[in-house]
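K.L.:
Take a look at query12.pdb, PDB, C-alpha atoms and all ligand atoms:
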ATOM      1  CA  MET A   1       0.000   0.000   0.000
ATOM      2  CA  MET A   2       1.040   3.609  -0.578
ATOM      3  CA  TRP A   3       2.191   5.634   2.415
ATOM      4  CA  TYR A   4      -0.930   7.811   2.603
ATOM      5  CA  THR A   5      -3.178   4.736   2.635
ATOM      6  CA  HIS A   6      -1.177   3.535   5.629
ATOM      7  CA  VAL A   7      -1.591   6.898   7.373
ATOM      8  CA  VAL A   8      -5.384   6.734   6.973
ATOM      9  CA  PHE A   9      -5.457   3.113   8.198
ATOM     10  CA  GLY A  10      -3.376   4.110  11.242
ATOM     11  CA  VAL A  11      -5.706   6.997  12.085
ATOM     12  CA  LEU A  12      -8.823   4.848  11.560
ATOM     13  CA  PHE A  13      -7.475   2.125  13.839
ATOM     14  CA  TYR A  14      -6.629   4.645  16.558
ATOM     15  CA  LEU A  15     -10.012   6.371  16.291
ATOM     16  CA  THR A  16     -11.552   2.944  16.829
ATOM     17  CA  ALA A  17      -9.462   2.654  19.994
ATOM     18  CA  ILE A  18     -10.784   6.076  21.091
ATOM     19  CA  LEU A  19     -14.303   4.768  20.561
ATOM     20  CA  LEU A  20     -13.393   1.900  22.889
ATOM     21  CA  GLY A  21     -11.998   4.207  25.580
ATOM     22  CA  ALA A  22      -8.558   5.522  24.564
ATOM     23  CA  PRO A  23      -8.131   9.270  25.191
ATOM     24  CA  MET A  24      -8.834  11.725  22.358
ATOM     25  CA  ASN A  25      -5.406  13.275  21.943
ATOM     26  CA  PRO A  26      -4.201  14.690  18.587
ATOM     27  CA  LEU A  27      -0.609  13.812  19.492
ATOM     28  CA  ASP A  28      -1.507  10.134  19.916
ATOM     29  CA  ILE A  29      -3.362  10.160  16.592
ATOM     30  CA  GLY A  30      -0.170  11.542  15.007
ATOM     31  CA  ILE A  31       1.897   8.840  16.689
ATOM     32  CA  ALA A  32      -0.480   6.167  15.361
ATOM     33  CA  ALA A  33       0.070   7.586  11.859
ATOM     34  CA  PHE A  34       3.825   7.504  12.478
ATOM     35  CA  GLY A  35       3.595   3.885  13.646
ATOM     36  CA  ALA A  36       1.616   3.072  10.504
ATOM     37  CA  LEU A  37       4.508   4.321   8.342
ATOM     38  CA  MET A  38       7.279   2.654  10.329
ATOM     39  CA  PRO A  39       7.290  -0.924   8.903
ATOM     40  CA  ASP A  40       8.287   0.407   5.466
ATOM     41  CA  ILE A  41      11.582   1.600   6.938
ATOM     42  CA  ASP A  42      12.842  -1.585   5.193
ATOM     43  CA  HIS A  43      12.409  -0.003   1.734
ATOM     44  CA  PRO A  44      14.933   2.625   0.525
ATOM     45  CA  LYS A  45      12.349   4.645  -1.412
ATOM     46  CA  SER A  46       9.526   4.520   1.125
ATOM     47  CA  TYR A  47       8.188   7.798   2.545
ATOM     48  CA  ILE A  48       9.493   7.075   6.029
ATOM     49  CA  SER A  49      12.979   6.046   4.817
ATOM     50  CA  THR A  50      13.378   9.248   2.837
ATOM     51  CA  LYS A  51      12.091  11.480   5.678
ATOM     52  CA  LEU A  52      13.660   9.915   8.753
ATOM     53  CA  PRO A  53      17.367  10.598   9.482
ATOM     54  CA  GLY A  54      19.258   7.345   8.938
ATOM     55  CA  GLY A  55      16.264   5.935   7.080
ATOM     56  CA  ASN A  56      18.521   4.580   4.337
ATOM     57  CA  VAL A  57      20.392   2.264   6.722
ATOM     58  CA  MET A  58      17.825  -0.482   7.349
ATOM     59  CA  PRO A  59      17.108  -1.358   3.672
ATOM     60  CA  ARG A  60      20.751  -2.420   3.267
ATOM     61  CA  PHE A  61      20.319  -5.172   5.820
ATOM     62  CA  VAL A  62      16.785  -6.487   5.457
ATOM     63  CA  GLU A  63      14.449  -7.420   2.622
ATOM     64  CA  HIS A  64      11.272  -5.406   1.985
ATOM     65  CA  ARG A  65       8.166  -6.772   3.704
ATOM     66  CA  GLY A  66      10.342  -9.061   5.735
ATOM     67  CA  VAL A  67      11.326  -8.773   9.356
ATOM     68  CA  THR A  68       9.884  -5.273   9.957
ATOM     69  CA  HIS A  69       6.486  -6.578   8.843
ATOM     70  CA  THR A  70       6.030  -8.922  11.801
ATOM     71  CA  VAL A  71       4.352  -8.854  15.194
ATOM     72  CA  GLU A  72       7.798  -9.261  16.809
ATOM     73  CA  ALA A  73       9.024  -6.065  15.126
ATOM     74  CA  ALA A  74       5.819  -4.293  16.163
ATOM     75  CA  LEU A  75       6.478  -5.154  19.813
ATOM     76  CA  LEU A  76      10.190  -4.371  19.668
ATOM     77  CA  MET A  77       9.684  -1.006  17.943
ATOM     78  CA  THR A  78       6.865  -0.158  20.344
ATOM     79  CA  ALA A  79       9.169  -0.898  23.275
ATOM     80  CA  LEU A  80      11.765   1.489  21.804
ATOM     81  CA  VAL A  81       9.539   4.322  20.544
ATOM     82  CA  GLY A  82       6.882   3.882  23.236
ATOM     83  CA  GLY A  83       9.530   3.687  25.956
ATOM     84  CA  LEU A  84      11.062   6.936  24.755
ATOM     85  CA  ALA A  85       7.634   8.569  24.526
ATOM     86  CA  TYR A  86       6.776   7.356  28.043
ATOM     87  CA  TRP A  87      10.005   8.845  29.345
ATOM     88  CA  ILE A  88       9.078  12.207  27.781
ATOM     89  CA  THR A  89       5.311  12.329  28.371
ATOM     90  CA  ASN A  90       4.821  10.030  31.382
ATOM     91  CA  SER A  91       1.915   8.444  29.536
ATOM     92  CA  TYR A  92       1.655   4.983  28.050
ATOM     93  CA  TRP A  93      -0.898   6.069  25.424
ATOM     94  CA  PRO A  94       1.745   7.097  22.851
ATOM     95  CA  ALA A  95       3.080   3.515  23.028
ATOM     96  CA  VAL A  96      -0.426   2.106  22.598
ATOM     97  CA  ALA A  97      -1.012   4.485  19.665
ATOM     98  CA  PHE A  98       2.277   3.499  18.027
ATOM     99  CA  LEU A  99       1.519  -0.215  18.382
ATOM    100  CA  ILE A 100      -1.985   0.225  16.959
ATOM    101  CA  GLY A 101      -0.573   2.194  14.016
ATOM    102  CA  TYR A 102       2.125  -0.405  13.407
ATOM    103  CA  VAL A 103      -0.350  -3.298  13.450
ATOM    104  CA  SER A 104      -2.675  -1.350  11.120
ATOM    105  CA  HIS A 105       0.180  -1.364   8.587
ATOM    106  CA  LEU A 106       0.509  -5.151   8.818
ATOM    107  CA  PHE A 107      -3.239  -5.457   8.367
ATOM    108  CA  ALA A 108      -3.278  -3.125   5.323
ATOM    109  CA  ASP A 109      -0.359  -4.946   3.655
ATOM    110  CA  THR A 110      -2.178  -8.239   4.244
ATOM    111  CA  LEU A 111      -4.888  -6.982   1.872
ATOM    112  CA  THR A 112      -2.363  -6.896  -1.005
ATOM    113  CA  VAL A 113      -1.667  -9.769  -3.400
ATOM    114  CA  SER A 114       1.803 -10.416  -1.980
ATOM    115  CA  GLY A 115       0.558 -10.266   1.611
ATOM    116  CA  ILE A 116       2.943 -10.540   4.545
ATOM    117  CA  LYS A 117       4.262 -13.153   6.930
ATOM    118  CA  TRP A 118       3.002 -12.011  10.324
ATOM    119  CA  SER A 119       5.729 -13.748  12.325
ATOM    120  CA  ARG A 120       9.199 -15.189  11.891
ATOM    121  CA  PHE A 121       8.083 -18.157  13.979
ATOM    122  CA  SER A 122       5.104 -19.111  11.856
ATOM    123  CA  SER A 123       4.403 -19.825   8.194
ATOM    124  CA  PHE A 124       1.128 -17.873   8.411
ATOM    125  CA  HIS A 125       1.136 -15.783   5.235
ATOM    126  CA  PRO A 126      -2.304 -14.362   4.396
ATOM    127  CA  ARG A 127      -2.807 -12.465   1.139
ATOM    128  CA  GLY A 128      -5.516 -10.250  -0.288
ATOM    129  CA  LYS A 129      -6.542  -9.047  -3.705
ATOM    130  CA  ILE A 130      -5.247  -5.460  -3.829
ATOM    131  CA  ARG A 131      -2.354  -4.419  -6.059
ATOM    132  CA  THR A 132      -0.376  -1.516  -4.583
ATOM    133  CA  GLY A 133      -0.765   1.776  -6.450
ATOM    134  CA  THR A 134      -3.760   0.655  -8.548
ATOM    135  CA  ARG A 135      -7.440   1.597  -8.619
ATOM    136  CA  GLY A 136      -8.074  -1.336  -6.296
ATOM    137  CA  GLU A 137      -6.042   0.459  -3.645
ATOM    138  CA  GLY A 138      -8.000   3.612  -4.548
ATOM    139  CA  VAL A 139     -11.267   1.885  -3.660
ATOM    140  CA  VAL A 140      -9.832   0.771  -0.324
ATOM    141  CA  LEU A 141      -8.481   4.282   0.298
ATOM    142  CA  ILE A 142     -11.872   5.875  -0.400
ATOM    143  CA  GLY A 143     -13.627   3.440   1.947
ATOM    144  CA  VAL A 144     -11.108   3.786   4.754
ATOM    145  CA  THR A 145     -10.950   7.602   4.496
ATOM    146  CA  PHE A 146     -14.752   7.859   4.512
ATOM    147  CA  LEU A 147     -14.963   5.637   7.596
ATOM    148  CA  THR A 148     -12.244   7.704   9.286
ATOM    149  CA  VAL A 149     -14.077  10.992   8.666
ATOM    150  CA  MET A 150     -17.384   9.492   9.861
ATOM    151  CA  LEU A 151     -15.792   8.099  12.995
ATOM    152  CA  PHE A 152     -14.045  11.405  13.675
ATOM    153  CA  ALA A 153     -17.370  13.254  13.393
ATOM    154  CA  TYR A 154     -18.996  10.751  15.742
ATOM    155  CA  ILE A 155     -16.220  11.122  18.326
ATOM    156  CA  VAL A 156     -16.151  14.950  18.221
ATOM    157  CA  ILE A 157     -19.898  15.626  17.879
ATOM    158  CA  PRO A 158     -21.732  12.363  18.709
ATOM    159  CA  GLU A 159     -25.251  13.750  19.166
ATOM    160  CA  GLU A 160     -25.244  15.953  16.078
ATOM    161  CA  THR A 161     -23.847  13.077  14.014
ATOM    162  CA  SER A 162     -26.584  10.658  15.062
ATOM    163  CA  LYS A 163     -29.327  13.273  14.621
ATOM    164  CA  ASN A 164     -28.238  14.454  11.154
ATOM    165  CA  LEU A 165     -26.688  11.269   9.830
ATOM    166  CA  GLY A 166     -27.671  11.949   6.201
ATOM    167  CA  TRP A 167     -25.938  15.304   6.174
ATOM    168  CA  VAL A 168     -22.874  13.991   7.955
ATOM    169  CA  VAL A 169     -22.587  11.188   5.398
ATOM    170  CA  LEU A 170     -22.806  13.739   2.576
ATOM    171  CA  VAL A 171     -20.209  16.047   4.131
ATOM    172  CA  ALA A 172     -17.952  13.073   4.958
ATOM    173  CA  PHE A 173     -18.192  11.944   1.338
ATOM    174  CA  ILE A 174     -17.163  15.393   0.066
ATOM    175  CA  ALA A 175     -14.422  15.625   2.714
ATOM    176  CA  THR A 176     -13.095  12.217   1.640
ATOM    177  CA  PHE A 177     -12.477  13.415  -1.900
ATOM    178  CA  ALA A 178     -11.105  16.754  -0.683
ATOM    179  CA  ILE A 179      -8.559  14.857   1.417
ATOM    180  CA  ILE A 180      -7.474  12.141  -1.035
ATOM    181  CA  GLY A 181      -8.644  13.407  -4.447
ATOM    182  CA  LYS A 182      -5.140  14.310  -5.641
ATOM    183  CA  LYS A 183      -3.742  10.986  -4.464
ATOM    184  CA  LEU A 184      -6.463   9.064  -6.301
ATOM    185  CA  LYS A 185      -5.504  10.708  -9.588
ATOM    186  CA  ARG A 186      -2.001   9.305  -9.287
ATOM    187  CA  LEU A 187      -3.182   5.702  -9.087
ATOM    188  CA  LYS A 188      -3.011   3.529 -12.191
TER     189      LYS A 188
HETATM  190 ZN    ZN B   1       4.622  -2.315   4.152
END
Could you express the structure from this file as structure tokens?

P.N.:
Amino acid sequence: MMWYTHVVFGVLFYLTAILLGAPMNPLDIGIAAFGALMPDIDHPKSYISTKLPGGNVMPRFVEHRGVTHTVEAALLMTALVGGLAYWITNSYWPAVAFLIGYVSHLFADTLTVSGIKWSRFSSFHPRGKIRTGTRGEGVVLIGVTFLTVMLFAYIVIPEETSKNLGWVVLVAFIATFAIIGKKLKRLK
């Protein structure tokens, strides 16, 4: 999946956690998005590798969609990033947000035709039907962005959203294309 699809998946997964009781904190939502980008640190041309200092180091040692795309890596990276965040903020929610974002990436990549191996200790290798960078990914991106906007509306203004659901759906639909319209045009 493209990096922006991963960002939306990360945010959607964390908003779901907010619905289940996690605190509504923009910083944690950002950290979930960051966690959702992190597994692709194994690819030299990925968004995260080009933005993060030292991001070109990892791809020399590991194969793409290999070891960083596992539950073990999710836990290890969460211990590192979440531990650092806990030290700074004294809250464990950034770690939870990072882990949720990271796992959302594994889930999103599972939807692609090549899939991923979820663990080094298991041969479990589920695959989906989506080809990265194609219209198929576009359809997923539209659906996930729409759900994210709807969920965000419900979390911020629950009563108004339930009362005027038709309008919120319409606005969410327009917002979806405002947010990802340019990205959709780039898909093949
Ligand atoms: Zn990936």

K.L.:
Skipping near chain neighbours, those fewer than 5 positions away, what residues fall within 9 Å of His64 of chain A using all atoms listed in the file, listed as a ChimeraX atom specification?

P.N.:
/A:40-44,59,69

K.L.:
What residues come out when you apply the PyMOL selection byres (((not hetatm)) within 8 of (chain B and resi 1)) to this file, written as a PyMOL selection string?

P.N.:
chain A and resi 1+37+39-40+64-65+69+105-106+109

K.L.:
Given all atoms listed in the file as the basis, pick out the residue of A:Ala33, A:Ile155, A:Ala172, A:Ala79 nearest to Ile142 of chain A.

P.N.:
A:Ala172

K.L.:
Given the file shown, determine the residues that the PyMOL selection byres (((chain A and resi 128) around 10) and not hetatm) selects; report them as a ChimeraX atom specification.

P.N.:
/A:108-116,126-127,129-131

K.L.:
I need the output of the PyMOL selection byres (((chain A and resi 30) around 10) and not hetatm) for this file as a list in words; which residues are they?

P.N.:
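When the PyMOL selection byres (((chain A and resi 30) around 10) and not hetatm) is applied, the selected residues are Val7, Gly10, Val11, Tyr14, Asn25, Pro26, Leu27, Asp28, Ile29, Ile31, Ala32, Ala33, Phe34, Gly35, Ala36, Pro94, Ala97, Phe98 and Gly101 of chain A.
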
K.L.:
For atom CA of Gly136 of chain A and atom CA of Ala178 of chain A, quote the distance in Å rounded to one decimal.

P.N.:
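Interatomic distance here is 19.2 Å.
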
K.L.:
Hey, could you pull the box centre and edge lengths for segment 124-130 of chain A, axis-aligned, 6 Å padding per side, all listed atoms, to one decimal in Å, as lines of an AutoDock Vina configuration file?

P.N.:
center_x = -2.7
center_y = -11.7
center_z = 2.3
size_x = 19.7
size_y = 24.4
size_z = 24.2

K.L.:
What separation in Å, quoted to one decimal, exists between atom CA of Leu99 of chain A and atom CA of Phe13 of chain A?

P.N.:
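Pair atom CA of Leu99 of chain A / atom CA of Phe13 of chain A returns 10.3 Å.
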
K.L.:
Find the distance between atom CA of Thr161 of chain A and atom CA of Trp3 of chain A and write it in Å to one decimal.

P.N.:
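So the answer is 29.5 Å.
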
K.L.:
What's around Thr5 of chain A at 9 Å? Count all atoms listed in the file, leave out sequence neighbours fewer than 6 positions away in its own chain, and write the answer as a PDB file with C-alpha atoms, in the coordinates of the input.

P.N.:
ATOM      1  CA  ALA A 108      -3.278  -3.125   5.323  1.00  0.00           C
ATOM      2  CA  GLU A 137      -6.042   0.459  -3.645  1.00  0.00           C
ATOM      3  CA  GLY A 138      -8.000   3.612  -4.548  1.00  0.00           C
ATOM      4  CA  VAL A 140      -9.832   0.771  -0.324  1.00  0.00           C
ATOM      5  CA  LEU A 141      -8.481   4.282   0.298  1.00  0.00           C
ATOM      6  CA  VAL A 144     -11.108   3.786   4.754  1.00  0.00           C
ATOM      7  CA  THR A 145     -10.950   7.602   4.496  1.00  0.00           C
TER       8      THR A 145
END

K.L.:
Would you please work out which residue, of A:Ile100, A:Gly66, A:Lys163, A:Met2, is nearest to Gly82 of chain A when using only C-alpha atoms?

P.N.:
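For Gly82 of chain A, the nearest of the given residues is A:Ile100.
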
K.L.:
Would you mind telling me which residue in A:Leu84, A:Leu165, A:Val139, A:Val62 lies nearest to Phe177 of chain A when using all atoms listed in the file?

P.N.:
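Among the listed residues, A:Val139 lies closest to Phe177 of chain A.
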
K.L.:
Extract, using all atoms listed in the file, all DNA, RNA and protein residues at most 10 Å from Val171 of chain A, discarding same-chain residues fewer than 4 positions from it, and format them as a list in words.

P.N.:
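The filter keeps Phe146, Val149, Met150, Leu165, Gly166, Trp167, Ala175 and Thr176 of chain A.
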
K.L.:
Determine the nearest neighbour of Val71 of chain A from the options A:Ser122, A:Ile48, A:Ala85, A:Ala95, counting only C-alpha atoms.

P.N.:
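When distances to Val71 of chain A are compared using only C-alpha atoms, the smallest one comes from A:Ser122.
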
K.L.:
Let me make sure I understand: among A:Phe9, A:Phe173, A:Tyr4, A:Tyr154, which one has the smallest atom-to-atom distance to Phe107 of chain A if we use all atoms listed in the file?

P.N.:
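Counting all atoms listed in the file, the residue closest to Phe107 of chain A is A:Phe9.
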
K.L.:
When distances are computed from all atoms listed in the file, which of A:Val156, A:Gly54, A:Glu63, A:Tyr92 shows the smallest separation from Ile18 of chain A?

P.N.:
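Closest to Ile18 of chain A, using all atoms listed in the file: A:Val156.
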
K.L.:
Provide segment 33-52 of chain A rebuilt to N, CA and C atoms, formatted as a PDB file, keeping the file's coordinate frame.

P.N.:
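And here's part.pdb as it stands now:
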ATOM      1  N   ALA A  33      -0.263   7.421  13.283  1.00  0.00           N
ATOM      2  CA  ALA A  33       0.070   7.586  11.859  1.00  0.00           C
ATOM      3  C   ALA A  33       1.552   7.293  11.630  1.00  0.00           C
ATOM      4  N   PHE A  34       2.389   7.755  12.553  1.00  0.00           N
ATOM      5  CA  PHE A  34       3.825   7.504  12.478  1.00  0.00           C
ATOM      6  C   PHE A  34       4.112   5.998  12.559  1.00  0.00           C
ATOM      7  N   GLY A  35       3.447   5.338  13.503  1.00  0.00           N
ATOM      8  CA  GLY A  35       3.595   3.885  13.646  1.00  0.00           C
ATOM      9  C   GLY A  35       3.156   3.152  12.387  1.00  0.00           C
ATOM     10  N   ALA A  36       2.140   3.699  11.726  1.00  0.00           N
ATOM     11  CA  ALA A  36       1.616   3.072  10.504  1.00  0.00           C
ATOM     12  C   ALA A  36       2.594   3.198   9.336  1.00  0.00           C
ATOM     13  N   LEU A  37       3.515   4.156   9.415  1.00  0.00           N
ATOM     14  CA  LEU A  37       4.508   4.321   8.342  1.00  0.00           C
ATOM     15  C   LEU A  37       5.769   3.499   8.611  1.00  0.00           C
ATOM     16  N   MET A  38       6.001   3.220   9.900  1.00  0.00           N
ATOM     17  CA  MET A  38       7.279   2.654  10.329  1.00  0.00           C
ATOM     18  C   MET A  38       7.699   1.336   9.669  1.00  0.00           C
ATOM     19  N   PRO A  39       6.820   0.357   9.469  1.00  0.00           N
ATOM     20  CA  PRO A  39       7.290  -0.924   8.903  1.00  0.00           C
ATOM     21  C   PRO A  39       8.004  -0.767   7.561  1.00  0.00           C
ATOM     22  N   ASP A  40       7.651   0.252   6.771  1.00  0.00           N
ATOM     23  CA  ASP A  40       8.287   0.407   5.466  1.00  0.00           C
ATOM     24  C   ASP A  40       9.670   1.067   5.545  1.00  0.00           C
ATOM     25  N   ILE A  41      10.203   1.148   6.742  1.00  0.00           N
ATOM     26  CA  ILE A  41      11.582   1.600   6.938  1.00  0.00           C
ATOM     27  C   ILE A  41      12.554   0.619   6.265  1.00  0.00           C
ATOM     28  N   ASP A  42      12.026  -0.555   5.862  1.00  0.00           N
ATOM     29  CA  ASP A  42      12.842  -1.585   5.193  1.00  0.00           C
ATOM     30  C   ASP A  42      12.979  -1.345   3.686  1.00  0.00           C
ATOM     31  N   HIS A  43      12.339  -0.275   3.179  1.00  0.00           N
ATOM     32  CA  HIS A  43      12.409  -0.003   1.734  1.00  0.00           C
ATOM     33  C   HIS A  43      13.091   1.357   1.499  1.00  0.00           C
ATOM     34  N   PRO A  44      14.154   1.395   0.666  1.00  0.00           N
ATOM     35  CA  PRO A  44      14.933   2.625   0.525  1.00  0.00           C
ATOM     36  C   PRO A  44      14.129   3.811  -0.023  1.00  0.00           C
ATOM     37  N   LYS A  45      13.092   3.534  -0.806  1.00  0.00           N
ATOM     38  CA  LYS A  45      12.349   4.645  -1.412  1.00  0.00           C
ATOM     39  C   LYS A  45      11.028   4.930  -0.705  1.00  0.00           C
ATOM     40  N   SER A  46      10.788   4.270   0.418  1.00  0.00           N
ATOM     41  CA  SER A  46       9.526   4.520   1.125  1.00  0.00           C
ATOM     42  C   SER A  46       9.532   5.927   1.706  1.00  0.00           C
ATOM     43  N   TYR A  47       8.347   6.443   1.992  1.00  0.00           N
ATOM     44  CA  TYR A  47       8.188   7.798   2.545  1.00  0.00           C
ATOM     45  C   TYR A  47       8.995   7.952   3.833  1.00  0.00           C
ATOM     46  N   ILE A  48       8.843   6.985   4.716  1.00  0.00           N
ATOM     47  CA  ILE A  48       9.493   7.075   6.029  1.00  0.00           C
ATOM     48  C   ILE A  48      11.016   7.012   5.895  1.00  0.00           C
ATOM     49  N   SER A  49      11.525   6.162   4.987  1.00  0.00           N
ATOM     50  CA  SER A  49      12.979   6.046   4.817  1.00  0.00           C
ATOM     51  C   SER A  49      13.583   7.325   4.267  1.00  0.00           C
ATOM     52  N   THR A  50      12.838   8.024   3.418  1.00  0.00           N
ATOM     53  CA  THR A  50      13.378   9.248   2.837  1.00  0.00           C
ATOM     54  C   THR A  50      13.247  10.424   3.798  1.00  0.00           C
ATOM     55  N   LYS A  51      12.307  10.352   4.756  1.00  0.00           N
ATOM     56  CA  LYS A  51      12.091  11.480   5.678  1.00  0.00           C
ATOM     57  C   LYS A  51      12.890  11.354   6.975  1.00  0.00           C
ATOM     58  N   LEU A  52      13.048  10.118   7.445  1.00  0.00           N
ATOM     59  CA  LEU A  52      13.660   9.915   8.753  1.00  0.00           C
ATOM     60  C   LEU A  52      15.191   9.920   8.631  1.00  0.00           C
TER      61      LEU A  52
END
